[in-house]
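K.L.:
Contents are CSV, C-alpha atoms and all ligand atoms; file name run.csv:
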chain,number,residue,atom,x,y,z
A,1,ALA,CA,31.5,41.4,27.1
A,2,ALA,CA,31.7,37.6,26.6
A,3,ILE,CA,27.9,37.5,26.3
A,4,GLU,CA,27.8,40.3,23.9
A,5,PHE,CA,30.1,38.5,21.5
A,6,GLY,CA,28.1,35.3,22.2
A,7,LEU,CA,31.2,33.1,22.8
A,8,ASP,CA,31.5,30.2,25.2
A,9,ALA,CA,35.3,30.4,25.3
A,10,PRO,CA,38.0,29.3,27.6
A,11,PHE,CA,38.9,33.0,28.0
A,12,ASP,CA,37.1,36.1,29.3
A,13,VAL,CA,36.3,37.8,26.0
A,14,GLU,CA,36.3,41.6,25.9
A,15,TYR,CA,34.9,42.6,22.5
A,16,HIS,CA,35.3,46.0,20.9
A,17,ASP,CA,33.7,47.2,17.6
A,18,SER,CA,36.7,49.5,17.1
A,19,ILE,CA,39.9,50.0,19.1
A,20,GLY,CA,43.4,51.4,18.6
A,21,SER,CA,45.3,48.2,19.3
A,22,THR,CA,44.1,45.0,21.1
A,23,ASN,CA,47.7,44.4,22.2
A,24,GLU,CA,47.7,47.8,23.9
A,25,ARG,CA,44.4,47.1,25.6
A,26,ALA,CA,45.7,43.7,26.7
A,27,ARG,CA,48.7,45.5,28.3
A,28,GLU,CA,46.4,47.6,30.3
A,29,LEU,CA,44.6,44.5,31.5
A,30,ALA,CA,48.0,42.9,32.3
A,31,SER,CA,48.8,45.9,34.5
A,32,GLU,CA,45.5,45.3,36.3
A,33,GLY,CA,46.6,41.8,37.1
A,34,ARG,CA,44.2,40.0,34.8
A,35,GLU,CA,44.9,36.8,33.0
A,36,ASP,CA,43.2,34.5,30.4
A,37,VAL,CA,41.5,37.4,28.7
A,38,ALA,CA,40.9,37.6,24.9
A,39,VAL,CA,40.5,41.2,23.6
A,40,VAL,CA,38.8,40.9,20.3
A,41,ALA,CA,38.0,43.8,17.9
A,42,ASP,CA,36.3,44.2,14.5
A,43,GLU,CA,38.4,47.2,13.5
A,44,GLN,CA,41.8,48.5,14.6
A,45,THR,CA,42.9,52.1,14.1
A,46,ALA,CA,46.5,51.8,15.4
A,47,GLY,CA,47.4,48.2,15.0
A,48,ARG,CA,51.0,47.2,15.5
A,49,GLY,CA,53.0,44.6,13.5
A,50,ARG,CA,56.4,42.9,14.0
A,51,LEU,CA,59.6,44.9,13.5
A,52,ASP,CA,58.0,48.2,14.3
A,53,ARG,CA,55.7,47.9,11.3
A,54,GLY,CA,52.0,48.9,11.5
A,55,TRP,CA,49.2,46.5,10.8
A,56,THR,CA,46.2,47.5,8.6
A,57,GLY,CA,43.0,46.9,10.5
A,58,PRO,CA,39.9,47.6,8.4
A,59,ALA,CA,36.5,46.6,9.7
A,60,GLY,CA,35.5,43.0,9.3
A,61,GLY,CA,38.8,41.6,10.6
A,62,ILE,CA,39.4,39.4,13.6
A,63,TYR,CA,42.0,41.3,15.7
A,64,SER,CA,42.6,39.6,18.9
A,65,SER,CA,45.1,39.6,21.8
A,66,LEU,CA,45.3,36.7,24.3
A,67,LEU,CA,46.7,37.7,27.7
A,68,LEU,CA,48.3,34.7,29.4
A,69,ARG,CA,50.4,34.0,32.5
A,70,PRO,CA,51.9,30.6,31.8
A,71,ASP,CA,54.1,29.3,34.6
A,72,VAL,CA,57.1,28.8,32.3
A,73,PRO,CA,60.6,30.5,31.9
A,74,PRO,CA,60.7,33.5,29.5
A,75,ALA,CA,62.7,31.4,27.0
A,76,HIS,CA,59.7,29.2,26.4
A,77,ALA,CA,57.5,32.1,25.2
A,78,PRO,CA,57.9,31.5,21.4
A,79,VAL,CA,56.1,28.2,21.6
A,80,TYR,CA,52.8,30.1,22.4
A,81,THR,CA,53.2,32.1,19.2
A,82,LEU,CA,53.5,28.8,17.3
A,83,ALA,CA,50.4,27.5,19.0
A,84,ALA,CA,48.5,30.6,17.9
A,85,ALA,CA,49.6,30.1,14.3
A,86,VAL,CA,48.4,26.5,14.4
A,87,ALA,CA,45.1,27.5,15.9
A,88,VAL,CA,44.4,30.0,13.1
A,89,THR,CA,45.5,27.6,10.4
A,90,ARG,CA,43.3,24.8,11.7
A,91,ALA,CA,40.3,27.2,11.9
A,92,ALA,CA,41.0,28.4,8.4
A,93,ARG,CA,41.2,24.8,7.1
A,94,GLU,CA,37.9,24.0,8.8
A,95,VAL,CA,36.2,26.7,6.6
A,96,GLY,CA,37.8,25.2,3.5
A,97,ILE,CA,40.9,27.3,3.0
A,98,ASP,CA,44.3,25.8,2.1
A,99,ALA,CA,46.2,27.6,4.8
A,100,SER,CA,49.6,26.8,6.2
A,101,ILE,CA,52.3,28.4,8.3
A,102,LYS,CA,55.4,30.2,7.2
A,103,TRP,CA,58.0,30.1,9.9
A,104,PRO,CA,57.7,31.3,12.5
A,105,ASN,CA,54.1,32.4,12.6
A,106,ASP,CA,52.7,33.9,9.4
A,107,VAL,CA,49.6,32.1,8.1
A,108,LEU,CA,49.6,31.9,4.3
A,109,VAL,CA,47.2,30.7,1.7
A,110,GLY,CA,48.4,28.6,-1.2
A,111,GLN,CA,52.1,28.5,-0.3
A,112,SER,CA,53.4,27.3,-3.6
A,113,GLY,CA,50.4,27.6,-6.0
A,114,GLU,CA,49.9,30.2,-8.6
A,115,ARG,CA,48.7,32.7,-5.9
A,116,GLY,CA,52.1,32.3,-4.3
A,117,GLY,CA,51.5,32.4,-0.6
A,118,LYS,CA,49.4,35.4,0.3
A,119,LYS,CA,49.4,36.5,4.0
A,120,LEU,CA,46.1,35.8,5.9
A,121,CYS,CA,47.3,36.4,9.4
A,122,GLY,CA,50.2,37.8,11.3
A,123,ILE,CA,51.1,37.4,15.0
A,124,LEU,CA,52.9,39.8,17.4
A,125,THR,CA,53.8,38.4,20.8
A,126,GLU,CA,54.9,40.6,23.6
A,127,MET,CA,56.1,39.5,27.0
A,128,GLU,CA,57.2,40.7,30.3
A,129,GLY,CA,59.6,38.3,32.1
A,130,GLU,CA,60.6,38.0,35.7
A,131,ALA,CA,64.0,36.3,36.4
A,132,ASP,CA,62.8,32.7,35.9
A,133,ARG,CA,59.2,32.9,34.8
A,134,VAL,CA,56.9,34.8,32.5
A,135,ALA,CA,55.0,37.6,34.2
A,136,TRP,CA,52.6,38.1,31.3
A,137,LEU,CA,52.5,37.1,27.7
A,138,ILE,CA,50.3,38.8,25.0
A,139,VAL,CA,49.8,36.9,21.8
A,140,GLY,CA,48.4,39.4,19.3
A,141,ILE,CA,46.7,37.7,16.3
A,142,GLY,CA,45.6,39.8,13.2
A,143,ILE,CA,43.3,37.8,10.9
A,144,ASN,CA,42.1,39.3,7.6
A,145,ALA,CA,38.6,37.9,7.8
A,146,ASN,CA,35.7,39.6,6.1
A,147,VAL,CA,37.8,42.2,4.4
A,148,HIS,CA,38.1,43.0,0.6
A,149,ALA,CA,41.6,42.4,-0.7
A,150,GLU,CA,41.7,46.0,-2.2
A,151,VAL,CA,42.0,47.5,1.2
A,152,LEU,CA,44.8,45.1,2.3
A,153,PRO,CA,48.5,45.6,1.6
A,154,GLU,CA,50.1,44.0,-1.5
A,155,GLY,CA,50.6,40.2,-0.9
A,156,ALA,CA,47.8,39.9,1.6
A,157,THR,CA,44.5,38.1,1.3
A,158,SER,CA,41.5,37.4,3.5
A,159,LEU,CA,39.2,34.6,4.5
A,160,GLN,CA,36.3,36.2,2.5
A,161,GLU,CA,38.5,36.7,-0.5
A,162,GLU,CA,39.6,33.1,-0.6
A,163,ARG,CA,36.2,31.6,0.1
A,164,GLY,CA,34.1,33.9,-2.1
A,165,GLU,CA,31.8,34.5,0.9
A,166,PRO,CA,32.2,35.8,4.5
A,167,VAL,CA,33.0,33.6,7.5
A,168,ASP,CA,31.0,33.6,10.7
A,169,ARG,CA,33.5,35.6,12.8
A,170,ARG,CA,32.1,34.3,16.1
A,171,VAL,CA,32.4,30.7,15.1
A,172,PHE,CA,35.9,31.3,13.8
A,173,THR,CA,37.0,33.1,16.9
A,174,GLN,CA,35.5,30.4,19.1
A,175,ARG,CA,37.4,27.6,17.2
A,176,LEU,CA,40.6,29.6,17.4
A,177,LEU,CA,40.4,30.0,21.1
A,178,GLU,CA,39.4,26.4,21.7
A,179,THR,CA,42.3,25.1,19.7
A,180,PHE,CA,44.7,27.5,21.4
A,181,ASP,CA,43.5,26.4,24.8
A,182,GLU,CA,44.0,22.7,24.0
A,183,LEU,CA,47.5,23.3,22.7
A,184,ARG,CA,48.6,25.4,25.7
A,185,ALA,CA,47.4,22.7,28.0
A,186,ASP,CA,49.8,20.2,26.4
A,187,PRO,CA,52.9,22.3,25.2
A,188,ASP,CA,54.6,19.1,24.0
A,189,SER,CA,51.9,18.7,21.3
A,190,ILE,CA,52.6,22.2,19.9
A,191,LEU,CA,55.6,21.4,17.8
A,192,ASP,CA,54.1,18.3,16.2
A,193,ALA,CA,50.9,20.3,15.4
A,194,TRP,CA,53.1,23.1,13.9
A,195,ARG,CA,55.0,20.6,11.7
A,196,GLU,CA,51.7,19.2,10.5
A,197,HIS,CA,50.5,22.7,9.4
A,198,ALA,CA,53.9,24.1,8.2
A,199,ALA,CA,54.5,25.4,4.6
A,200,THR,CA,58.2,26.1,5.4
A,201,LEU,CA,59.5,22.6,6.1
A,202,GLY,CA,61.1,21.0,3.1
A,203,GLN,CA,61.4,24.4,1.3
A,204,ARG,CA,64.5,26.1,0.3
A,205,VAL,CA,64.5,29.3,2.4
A,206,ARG,CA,66.4,32.5,3.0
A,207,VAL,CA,66.2,33.8,6.5
A,208,ASP,CA,67.3,37.3,7.3
A,209,THR,CA,68.6,36.9,10.9
A,210,PRO,CA,70.1,39.4,13.3
A,211,GLY,CA,73.4,37.5,12.8
A,212,GLY,CA,73.2,37.5,8.9
A,213,GLU,CA,71.5,35.7,6.1
A,214,VAL,CA,71.0,31.9,6.3
A,215,VAL,CA,70.1,30.1,3.0
A,216,GLY,CA,69.4,26.4,2.7
A,217,GLU,CA,66.6,23.8,3.2
A,218,ALA,CA,64.3,24.1,6.2
A,219,VAL,CA,64.4,20.6,7.7
A,220,ASP,CA,62.8,20.9,11.1
A,221,VAL,CA,61.6,23.1,14.0
A,222,GLU,CA,62.9,22.6,17.5
A,223,PHE,CA,61.6,23.8,20.9
A,224,PRO,CA,60.7,26.5,21.6
A,225,GLY,CA,60.4,27.5,17.9
A,226,ALA,CA,63.8,27.5,16.3
A,227,LEU,CA,64.1,26.7,12.6
A,228,ILE,CA,66.7,24.2,11.6
A,229,VAL,CA,68.2,25.0,8.2
A,230,GLU,CA,70.6,22.7,6.3
A,231,THR,CA,72.9,25.0,4.4
A,232,ASP,CA,74.5,24.1,1.1
A,233,ASP,CA,77.8,23.1,2.8
A,234,GLY,CA,75.9,20.6,4.9
A,235,GLU,CA,75.8,22.5,8.2
A,236,ARG,CA,72.7,22.5,10.4
A,237,GLU,CA,72.0,26.1,11.4
A,238,ARG,CA,69.6,26.7,14.3
A,239,VAL,CA,67.8,30.0,13.6
A,240,THR,CA,65.8,31.6,16.5
A,241,ALA,CA,64.7,34.9,15.0
A,242,GLY,CA,64.4,36.5,11.6
A,243,ASP,CA,62.3,37.1,8.5
A,244,CYS,CA,61.9,34.0,6.4
A,245,GLU,CA,61.4,33.8,2.6
A,246,HIS,CA,60.5,30.7,0.7
A,247,LEU,CA,62.7,30.4,-2.4
A,248,ARG,CA,61.8,28.5,-5.6
A,249,PRO,CA,64.0,25.4,-5.9
L,301,LIG,C1,53.0,40.9,11.8
L,301,LIG,O1,53.7,41.9,11.6
L,301,LIG,O2,52.9,40.0,11.0
L,301,LIG,C2,52.2,40.8,13.1
L,301,LIG,C3,50.9,41.5,13.0
L,301,LIG,C4,50.1,41.4,14.3
L,301,LIG,C5,48.8,42.2,14.3
L,301,LIG,C6,47.9,41.9,15.4
L,301,LIG,S1,46.2,42.5,15.2
L,301,LIG,C7,45.8,42.1,16.9
L,301,LIG,C8,47.1,42.6,17.7
L,301,LIG,N1,47.0,44.0,18.0
L,301,LIG,C9,48.0,44.7,17.4
L,301,LIG,O3,48.2,45.9,17.5
L,301,LIG,N2,48.8,43.9,16.7
L,301,LIG,C10,48.3,42.5,16.8
Could I get this structure in the form of structure tokens?
P.N.:
Amino acid sequence: AAIEFGLDAPFDVEYHDSIGSTNERARELASEGREDVAVVADEQTAGRGRLDRGWTGPAGGIYSSLLLRPDVPPAHAPVYTLAAAVAVTRAAREVGIDASIKWPNDVLVGQSGERGGKKLCGILTEMEGEADRVAWLIVGIGINANVHAEVLPEGATSLQEERGEPVDRRVFTQRLLETFDELRADPDSILDAWREHAATLGQRVRVDTPGGEVVGEAVDVEFPGALIVETDDGERERVTAGDCEHLRP
């Protein structure tokens, strides 16, 4: 499959023209004991998003799931999701797109410009943990690549839409996998890379967390991916999960 897709990647690439969900396929591969596989598809018919949402998967996208078995405790897993967001953002910038990351891992275009931060990519990470280490981790990356905006949900955009011409999906995927591989080899570099590509830091945000709403200025990100929010009464809140919205100052 790697040869079919023509990639010289640091993962075994299993390419599908059309599939239900690359995350589902990666789970099957996990149960077969595989690791370092990238399942990549052009179209997804039953894509899954965060918070039990679906994910629209028209043909021309880059839908991929990376199956990893890092030798780390389950609590470290979120940092791999941040690494994937950095890898997508970097690859998008290389093809001339002003992409940046909304905490924790949405890739947006034009975060504060007149186009108001449209979503280019979403990431869904799934994990199975043993007591003290990760058994497997699947990082599912959905990129709206060569897709017309009309077939995407409201508030979404695509690489093709932003550039006015399609991208080479092979080259884009290759760059994404290479950057991800570099970052995972040096996990300490991931947070700095994330900060460098973040749209959220310095913004006034509202985060809808399982413990309630947190409003304030996003001032930093801490390992393995917590957002530090300085609230109006001067407290530093450490937010580990939730939906984040950038507010106008
Ligand atoms: C989100 O809700 O923002 C996350 C969307 C994740 C979608 C990707 S597409 C590739 C992989 N396979 C899936 O079924 N979902 C993820």
K.L.:
Compute the set of protein, DNA and RNA residues whose minimum atom distance to ligand LIG 301 (chain L) is at most 8 Å, using all atoms listed in the file, and state it as an NGL selection string.
P.N.:
:A and (20-24 or 40 or 44 or 46-51 or 53-55 or 57 or 62-65 or 105-106 or 121-125 or 139-143)
K.L.:
Would you mind telling me which residue in A:Leu191, A:Ser100, A:Val95, A:Val107 lies nearest to Gly164 (chain A) when using all atoms listed in the file?
P.N.:
A:Val95
K.L.:
Under the rule that all atoms listed in the file are counted, which of A:Pro224, A:Gly110, A:Pro166, A:Gly216 is the nearest residue to Trp194 (chain A)?
P.N.:
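Under the stated criterion, the closest residue is A:Pro224.
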K.L.:
Which one is closest to Arg169 (chain A): A:Ala30, A:Ala198, A:Val86, A:Ala145? Count only C-alpha atoms.
P.N.:
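Between A:Ala30, A:Ala198, A:Val86, A:Ala145, the residue approaching Arg169 (chain A) most closely is A:Ala145.
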K.L.:
Measuring atom to atom with only C-alpha atoms, identify which of A:Glu35, A:Glu235, A:Asp188, A:Asp243 is nearest to Glu222 (chain A).
P.N.:
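Of A:Glu35, A:Glu235, A:Asp188, A:Asp243, the one nearest Glu222 (chain A), counting only C-alpha atoms, is A:Asp188.
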K.L.:
Counting all atoms listed in the file, figure out which residue out of A:Glu43, A:Asp181, A:Asp8, A:Glu245 gets nearest to Ala59 (chain A).
P.N.:
A:Glu43
K.L.:
Could you please determine the separation between CA of Val72 (chain A) and CA of Glu128 (chain A) in Å, to one decimal place?
P.N.:
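These two atoms are separated by 12.1 Å.
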K.L.:
Rounded to one decimal place, report the CA of Glu130 (chain A)-CA of Pro70 (chain A) distance in Å.
P.N.:
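Calculated distance between CA of Glu130 (chain A) and CA of Pro70 (chain A) is 12.1 Å.
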K.L.:
Interatomic distance between CA of Leu176 (chain A) and CA of Ile101 (chain A)?
P.N.:
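Result for CA of Leu176 (chain A) versus CA of Ile101 (chain A): 14.9 Å, one decimal.
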K.L.:
Find the residue from A:Val88, A:Ala83, A:Leu137, A:Ala9 that sits nearest to Arg27 (chain A); use all atoms listed in the file when measuring.
P.N.:
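Among A:Val88, A:Ala83, A:Leu137, A:Ala9, it is A:Leu137 that comes nearest to Arg27 (chain A).
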K.L.:
What's around Thr231 (chain A) at 9 Å? Count only C-alpha atoms, leave out sequence neighbours fewer than 5 positions away in its own chain, and write the answer as a tab-separated table (two decimals) with C-alpha atoms, in the frame of the given file.
P.N.:
chain	number	residue	atom	x	y	z
A	214	VAL	CA	71.00	31.90	6.30
A	215	VAL	CA	70.10	30.10	3.00
A	216	GLY	CA	69.40	26.40	2.70
A	217	GLU	CA	66.60	23.80	3.20
A	218	ALA	CA	64.30	24.10	6.20
A	236	ARG	CA	72.70	22.50	10.40
A	237	GLU	CA	72.00	26.10	11.40
K.L.:
Excluding same-chain residues fewer than 6 positions from Arg34 (chain A), what lies within 10 Å of it counting only C-alpha atoms, as a list of chain:residue names?
P.N.:
A:Asp12, A:Ala26, A:Arg27, A:Glu28, A:Leu67, A:Leu68, A:Arg69, A:Trp136
K.L.:
Can region 34-48 of chain A be brought up to N, CA, C and O atoms and written out as a PDB file, in the coordinates of the input?
P.N.:
ATOM      1  N   ARG A  34      45.122  41.021  35.375  1.00  0.00           N
ATOM      2  CA  ARG A  34      44.200  40.000  34.800  1.00  0.00           C
ATOM      3  C   ARG A  34      44.979  38.919  34.061  1.00  0.00           C
ATOM      4  O   ARG A  34      46.143  39.086  33.709  1.00  0.00           O
ATOM      5  N   GLU A  35      44.289  37.812  33.800  1.00  0.00           N
ATOM      6  CA  GLU A  35      44.900  36.800  33.000  1.00  0.00           C
ATOM      7  C   GLU A  35      43.743  36.004  32.253  1.00  0.00           C
ATOM      8  O   GLU A  35      42.576  36.120  32.622  1.00  0.00           O
ATOM      9  N   ASP A  36      44.126  35.259  31.225  1.00  0.00           N
ATOM     10  CA  ASP A  36      43.200  34.500  30.400  1.00  0.00           C
ATOM     11  C   ASP A  36      42.038  35.380  29.888  1.00  0.00           C
ATOM     12  O   ASP A  36      40.848  35.053  29.994  1.00  0.00           O
ATOM     13  N   VAL A  37      42.434  36.509  29.336  1.00  0.00           N
ATOM     14  CA  VAL A  37      41.500  37.400  28.700  1.00  0.00           C
ATOM     15  C   VAL A  37      41.799  37.412  27.193  1.00  0.00           C
ATOM     16  O   VAL A  37      42.974  37.428  26.812  1.00  0.00           O
ATOM     17  N   ALA A  38      40.765  37.400  26.362  1.00  0.00           N
ATOM     18  CA  ALA A  38      40.900  37.600  24.900  1.00  0.00           C
ATOM     19  C   ALA A  38      40.279  38.933  24.575  1.00  0.00           C
ATOM     20  O   ALA A  38      39.073  39.089  24.757  1.00  0.00           O
ATOM     21  N   VAL A  39      41.080  39.885  24.130  1.00  0.00           N
ATOM     22  CA  VAL A  39      40.500  41.200  23.600  1.00  0.00           C
ATOM     23  C   VAL A  39      40.319  40.963  22.142  1.00  0.00           C
ATOM     24  O   VAL A  39      41.251  40.595  21.425  1.00  0.00           O
ATOM     25  N   VAL A  40      39.096  41.171  21.692  1.00  0.00           N
ATOM     26  CA  VAL A  40      38.800  40.900  20.300  1.00  0.00           C
ATOM     27  C   VAL A  40      38.141  42.182  19.695  1.00  0.00           C
ATOM     28  O   VAL A  40      37.283  42.799  20.337  1.00  0.00           O
ATOM     29  N   ALA A  41      38.575  42.576  18.510  1.00  0.00           N
ATOM     30  CA  ALA A  41      38.000  43.800  17.900  1.00  0.00           C
ATOM     31  C   ALA A  41      37.708  43.484  16.394  1.00  0.00           C
ATOM     32  O   ALA A  41      38.347  42.652  15.744  1.00  0.00           O
ATOM     33  N   ASP A  42      36.728  44.246  15.899  1.00  0.00           N
ATOM     34  CA  ASP A  42      36.300  44.200  14.500  1.00  0.00           C
ATOM     35  C   ASP A  42      37.173  45.069  13.626  1.00  0.00           C
ATOM     36  O   ASP A  42      37.431  44.792  12.460  1.00  0.00           O
ATOM     37  N   GLU A  43      37.623  46.182  14.232  1.00  0.00           N
ATOM     38  CA  GLU A  43      38.400  47.200  13.500  1.00  0.00           C
ATOM     39  C   GLU A  43      39.526  47.667  14.424  1.00  0.00           C
ATOM     40  O   GLU A  43      39.299  47.831  15.617  1.00  0.00           O
ATOM     41  N   GLN A  44      40.720  47.903  13.844  1.00  0.00           N
ATOM     42  CA  GLN A  44      41.800  48.500  14.600  1.00  0.00           C
ATOM     43  C   GLN A  44      42.326  49.722  13.911  1.00  0.00           C
ATOM     44  O   GLN A  44      42.569  49.701  12.712  1.00  0.00           O
ATOM     45  N   THR A  45      42.498  50.798  14.680  1.00  0.00           N
ATOM     46  CA  THR A  45      42.900  52.100  14.100  1.00  0.00           C
ATOM     47  C   THR A  45      44.407  52.322  14.240  1.00  0.00           C
ATOM     48  O   THR A  45      44.963  53.183  13.575  1.00  0.00           O
ATOM     49  N   ALA A  46      45.061  51.616  15.158  1.00  0.00           N
ATOM     50  CA  ALA A  46      46.500  51.800  15.400  1.00  0.00           C
ATOM     51  C   ALA A  46      47.165  50.486  15.671  1.00  0.00           C
ATOM     52  O   ALA A  46      47.906  50.334  16.635  1.00  0.00           O
ATOM     53  N   GLY A  47      46.874  49.501  14.793  1.00  0.00           N
ATOM     54  CA  GLY A  47      47.400  48.200  15.000  1.00  0.00           C
ATOM     55  C   GLY A  47      48.920  48.145  14.801  1.00  0.00           C
ATOM     56  O   GLY A  47      49.474  48.900  14.009  1.00  0.00           O
ATOM     57  N   ARG A  48      49.556  47.268  15.544  1.00  0.00           N
ATOM     58  CA  ARG A  48      51.000  47.200  15.500  1.00  0.00           C
ATOM     59  C   ARG A  48      51.425  45.826  14.913  1.00  0.00           C
ATOM     60  O   ARG A  48      50.797  44.801  15.204  1.00  0.00           O
TER      61      ARG A  48
END
